[in-house]
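Read through the structure below, which is laid out as structure tokens, and then see the notes.
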Amino acid sequence: MTDSPMPPLTYLGSADVADVCAALPVVDIVEDTLRAVRREAAGLTPEAALRWTTPSGAAARSLILPGWSGDAYGCKIINASLGNHRLGLPRAAGLIVLNDPETARPAWVMEGGLISALRTAGVSLAALRALRDPDQVTEAAFLGCGRQAEVHLDLLVRTCPKLSEVVLYDQDPGNARRLAARLGTSAPQLAVSVVTDAREAAGRARLVVAVTTTTEPYVELDWLTEGSVFVNVSLDDAAESLLMGCDALFVDDWQLVAEDEHRLLGKLARTGRVTGPGEPAPDGGRSVDATLPALVSGAFTGTVGATDRVVVNPFGMGVHDIAVAAAVRDRADELGLGVALPH
């Protein structure tokens with residue numbers, strides 16, 4: 001008896017991934033995955049993190065996020081260094097590995113940076129669609145103007161057809177100006193302004209998206225106007241006054257929050273000042289209103305008023321990377337894309 005030939009490992013580079021992703025309904029995929037998580041048809045296991053200081057003194061980390069969605073099983077390896085901008089490189093880069101569901105052998109490996117950015121933006125937009133009528137979103141402010149801001153804006157323009165004004169802030173004004181110039185070409189219908197004060201930016205729009213690299217909370221509750229949705233994509237932009245005082249607070253996965261030792265919301269949870277969805281609020285504290293799977297699936301029975309200030313604080317669920325990567329794999333397979341690598 002001879003051994004069966006080993007199937008090849010297929011690699012998708014960044015160009016192929018970008019071509020396929022351009023036509024994917026990312027927000028719909030994310031919403032479907034959130035609903036699948038709610039009914040336990042998708043899920044994730046604890047992530048692993050390796051952190052270090054680079055020779056130049058920058059904070060660096062490597063995260064491994066396993067997840068599954070339907071019959072897709074795999075993990076994302078996403079690495080980042082806060083010093084990459086000095087080298088002219090994106091902050092984050094990585095790979096996604098999809099496994100054969102029968103043999104468990106790695107079957108597809110693909111560039112993961114774009115997929116990671118897309119699924120992150122997809123979560124933000126899925127939450128926004130569950131909280132506000134997309135046709136009523138006319139202005140947005142971005143704190144941070146790197147790759148995440150670009151990807152968010154691309155999806156935002158597609159999701160909110162009445163969007164007409166964008167306010168940009170970055171600690172490096174050059175980043176904001178470059179993004180403004182890009183929008184002038186890709187979305188000329190938008191009125192884009194660059195400001196030099198984060199508070200001014202946050203106060204000029206009812207959708208505020210924080211996509212920075214800060215680890216020092218700074219956005220206070222009184223920065224936001226009534227009816228604002230603040231999406232805290234990056235590590236720690238929302239200050240304690242905002243997390244504790246907002247009218248509604250949503251997270252993607254409560255367990256991820258409760259176990260986190262670095263971000264402010266995780267610290268508030270670990271000290272007992274914030275409790276999970278459905279739990280009584282502690283004295284002087286608050287509870288999370290719901291997870292995003294509950295919100296998107298309609299299981300959240302609370303109400304969010306038009307004038308409520310809402311915080312969406314997604315920590316990042318690897319299951320979304322696997323779901324988007326599976327869609328990329330399927331389309332790439334149809335198109336015959338990818339390079340076969342020998343095992």
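Labels used: A, B, ... for chains in the order of the structure tokens, numbers from 1 for residues in each chain, and numbers from 1 for ligands as shown.
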Q | Nearby residues (only C-alpha atoms) at most 7 Å from range 313-315 of chain A, same-chain spacing under 6 positions excluded, as a VMD selection string | A | chain A and resid 231 to 233 250 to 252 256 to 257
Please save C-alpha atoms of the selected residues as a CSV table (one decimal), in the first residue's frame.
chain,number,residue,atom,x,y,z
A,231,VAL,CA,-16.2,53.0,18.2
A,232,ASN,CA,-13.1,52.3,20.2
A,233,VAL,CA,-11.2,50.2,17.7
A,250,PHE,CA,-21.2,47.1,23.8
A,251,VAL,CA,-18.3,44.7,23.5
A,252,ASP,CA,-17.7,41.9,21.1
A,256,LEU,CA,-12.0,38.6,26.1
A,257,VAL,CA,-12.6,41.8,28.0
Write out as a tab-separated table a residue-level contact list of range 51-124 of chain A versus range 153-175 of chain A with cut-off 10 Å: for each qualifying residue the closest pair of atoms and the distance in Å to one decimal, counting only C-alpha atoms, rows sorted by chain and residue number upward.
residue	atom	partner	partner_atom	distance
A:Leu118	CA	A:Leu155	CA	8.4
A:Ala121	CA	A:Leu155	CA	7.1
A:Gly122	CA	A:Leu155	CA	7.4
A:Ser124	CA	A:Leu156	CA	9.3
Q: Apply DSSP to the structure's backbone, then extract all residues of range 124-303 of chain A labelled helix (DSSP H, G or I) and return them as number ranges by chain.
A: A: 124-131, 134-136, 147-159, 173-186, 198-203, 221-223, 240-245, 254-259, 264-270, 292-297
Please produce an output containing C-alpha atoms for each residue in the selection, written as a CSV table (one decimal), in the first residue's frame.
chain,number,residue,atom,x,y,z
A,124,SER,CA,-17.5,48.5,13.4
A,125,LEU,CA,-19.9,48.9,10.5
A,126,ALA,CA,-22.0,45.9,11.6
A,127,ALA,CA,-22.4,47.5,15.1
A,128,LEU,CA,-23.2,50.8,13.6
A,129,ARG,CA,-25.9,49.3,11.4
A,130,ALA,CA,-27.5,47.6,14.4
A,131,LEU,CA,-27.5,50.9,16.4
A,134,PRO,CA,-27.1,54.0,7.9
A,135,ASP,CA,-29.1,56.5,5.8
A,136,GLN,CA,-28.9,59.0,8.8
A,147,ARG,CA,-4.4,52.0,7.4
A,148,GLN,CA,-7.4,51.2,9.7
A,149,ALA,CA,-8.9,54.6,9.0
A,150,GLU,CA,-8.5,54.1,5.3
A,151,VAL,CA,-10.2,50.7,5.4
A,152,HIS,CA,-13.0,51.9,7.7
A,153,LEU,CA,-13.7,54.8,5.4
A,154,ASP,CA,-13.8,52.6,2.3
A,155,LEU,CA,-16.5,50.4,4.0
A,156,LEU,CA,-18.2,53.5,5.6
A,157,VAL,CA,-18.7,55.1,2.2
A,158,ARG,CA,-20.3,51.9,0.9
A,159,THR,CA,-22.5,51.3,3.9
A,173,PRO,CA,-0.8,66.1,10.8
A,174,GLY,CA,0.9,64.7,7.7
A,175,ASN,CA,-1.0,61.4,8.1
A,176,ALA,CA,-4.3,63.3,8.2
A,177,ARG,CA,-3.4,65.4,5.1
A,178,ARG,CA,-2.4,62.3,3.2
A,179,LEU,CA,-5.7,60.6,4.0
A,180,ALA,CA,-7.6,63.7,3.1
A,181,ALA,CA,-5.8,63.8,-0.3
A,182,ARG,CA,-6.6,60.1,-0.9
A,183,LEU,CA,-10.3,60.7,-0.1
A,184,GLY,CA,-10.3,63.7,-2.5
A,185,THR,CA,-9.6,61.1,-5.3
A,186,SER,CA,-11.5,58.0,-4.0
A,198,ALA,CA,-8.7,65.5,19.0
A,199,ARG,CA,-11.5,67.0,21.0
A,200,GLU,CA,-12.6,69.3,18.2
A,201,ALA,CA,-12.8,66.3,15.9
A,202,ALA,CA,-14.8,64.2,18.3
A,203,GLY,CA,-17.3,67.0,18.9
A,221,LEU,CA,-17.5,61.6,28.0
A,222,ASP,CA,-18.1,65.4,27.6
A,223,TRP,CA,-16.2,65.4,24.3
A,240,GLU,CA,-12.8,56.1,32.2
A,241,SER,CA,-15.5,58.8,32.2
A,242,LEU,CA,-16.6,57.7,28.8
A,243,LEU,CA,-16.6,53.9,29.5
A,244,MET,CA,-18.4,54.4,32.8
A,245,GLY,CA,-20.7,57.2,31.9
A,254,TRP,CA,-17.1,39.5,27.3
A,255,GLN,CA,-14.6,36.8,28.1
A,256,LEU,CA,-12.0,38.6,26.1
A,257,VAL,CA,-12.6,41.8,28.0
A,258,ALA,CA,-12.6,40.1,31.5
A,259,GLU,CA,-9.3,38.4,30.8
A,264,LEU,CA,-8.7,50.0,30.5
A,265,LEU,CA,-12.0,48.2,30.1
A,266,GLY,CA,-10.3,44.9,31.0
A,267,LYS,CA,-8.8,46.5,34.1
A,268,LEU,CA,-12.2,47.9,35.1
A,269,ALA,CA,-13.7,44.4,34.7
A,270,ARG,CA,-10.9,42.7,36.6
A,292,LEU,CA,-22.2,42.4,19.6
A,293,PRO,CA,-23.5,38.9,18.7
A,294,ALA,CA,-26.5,39.6,20.9
A,295,LEU,CA,-26.9,43.1,19.4
A,296,VAL,CA,-26.7,42.1,15.8
A,297,SER,CA,-28.8,38.9,16.2
Residues at most 8 Å from Val109 in chain A, counting only C-alpha atoms, excluding those fewer than 4 positions away in the same chain, as a short mmCIF file (atom, residue, chain, number, x, y, z; two decimals) with N, CA and C atoms, in the first residue's frame?
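Result written to out12.cif:
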data_model
loop_
_atom_site.label_atom_id
_atom_site.label_comp_id
_atom_site.auth_asym_id
_atom_site.auth_seq_id
_atom_site.Cartn_x
_atom_site.Cartn_y
_atom_site.Cartn_z
N LEU A 9 0.03 22.91 -0.32
CA LEU A 9 -0.36 24.05 0.51
C LEU A 9 -0.46 25.25 -0.41
N THR A 10 -1.61 25.92 -0.42
CA THR A 10 -1.81 27.04 -1.34
C THR A 10 -1.56 28.36 -0.63
N TYR A 11 -0.73 29.18 -1.24
CA TYR A 11 -0.40 30.49 -0.67
C TYR A 11 -1.02 31.60 -1.51
N LEU A 12 -1.66 32.54 -0.83
CA LEU A 12 -2.21 33.73 -1.47
C LEU A 12 -1.45 34.96 -0.98
N LEU A 95 -0.30 36.68 8.92
CA LEU A 95 -0.72 35.57 8.07
C LEU A 95 -1.97 34.94 8.65
N ILE A 96 -2.77 34.35 7.78
CA ILE A 96 -3.91 33.55 8.21
C ILE A 96 -3.73 32.15 7.64
N VAL A 97 -3.90 31.16 8.49
CA VAL A 97 -3.78 29.76 8.10
C VAL A 97 -5.15 29.11 8.22
N LEU A 98 -5.61 28.48 7.13
CA LEU A 98 -6.85 27.71 7.14
C LEU A 98 -6.51 26.23 7.02
#
Q | strand (DSSP E or B) per DSSP on the backbone: members of range 209-326 of chain A, as a list of chain:residue names | A |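 After running DSSP on the backbone, range 209-326 of chain A has strand (DSSP E or B) at A:Val209, A:Ala210, A:Val219, A:Val229, A:Phe230, A:Val231, A:Asn232, A:Ala238, A:Ala248, A:Leu249, A:Phe250, A:Val251, A:Val274, A:Thr275, A:Arg286, A:Ser287, A:Ala290, A:Thr291, A:Val310, A:Val311, A:Val312, A:Asn313.
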Output C-alpha atoms of each residue in that selection to a file, as an mmCIF file, in the first residue's frame.
data_model
loop_
_atom_site.group_PDB
_atom_site.id
_atom_site.type_symbol
_atom_site.label_atom_id
_atom_site.label_comp_id
_atom_site.auth_asym_id
_atom_site.auth_seq_id
_atom_site.Cartn_x
_atom_site.Cartn_y
_atom_site.Cartn_z
ATOM 1 C CA VAL A 209 -13.958 56.109 15.227
ATOM 2 C CA ALA A 210 -10.712 55.829 17.192
ATOM 3 C CA VAL A 219 -11.442 60.779 25.088
ATOM 4 C CA VAL A 229 -21.567 56.459 18.590
ATOM 5 C CA PHE A 230 -17.941 56.091 19.663
ATOM 6 C CA VAL A 231 -16.190 53.049 18.194
ATOM 7 C CA ASN A 232 -13.052 52.327 20.211
ATOM 8 C CA ALA A 238 -11.843 55.931 25.629
ATOM 9 C CA ALA A 248 -24.903 52.160 26.367
ATOM 10 C CA LEU A 249 -21.758 50.013 26.203
ATOM 11 C CA PHE A 250 -21.242 47.060 23.844
ATOM 12 C CA VAL A 251 -18.310 44.659 23.529
ATOM 13 C CA VAL A 274 -17.663 46.717 35.255
ATOM 14 C CA THR A 275 -19.662 43.518 35.031
ATOM 15 C CA ARG A 286 -21.849 49.627 35.514
ATOM 16 C CA SER A 287 -22.558 46.529 33.482
ATOM 17 C CA ALA A 290 -24.747 43.446 25.534
ATOM 18 C CA THR A 291 -22.252 41.682 23.318
ATOM 19 C CA VAL A 310 -23.003 54.823 22.818
ATOM 20 C CA VAL A 311 -19.602 53.139 23.057
ATOM 21 C CA VAL A 312 -18.712 50.092 20.990
ATOM 22 C CA ASN A 313 -15.525 48.530 22.327
#
Q: Do a neighbour search on Glu47 in chain A at 8 Å with only C-alpha atoms, toss out local chain neighbours closer than 4 positions, and write the hits as a list of chain:residue names.
A: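 Returned residues: A:Leu63, A:Ile64, A:Leu65, A:Pro66.
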Q.
Quick check, in Å to one decimal: how far apart do CA of Ala49 in chain A and CA of Phe142 in chain A lie?
A.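 Separation of CA of Ala49 in chain A and CA of Phe142 in chain A: 27.7 Å.
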Find the nearest atom pair between each residue of range 71-107 of chain A and range 321-335 of chain A for residues within 7 Å, count only C-alpha atoms, give distances in Å to one decimal, sort rows by chain and ascending number, and present the table as CSV.
residue,atom,partner,partner_atom,distance
A:Ala72,CA,A:Ala326,CA,6.4
A:Tyr73,CA,A:Ile322,CA,6.9
A:Gly74,CA,A:Ile322,CA,6.3
A:Cys75,CA,A:Ile322,CA,6.8
A:Lys76,CA,A:Asp321,CA,6.8
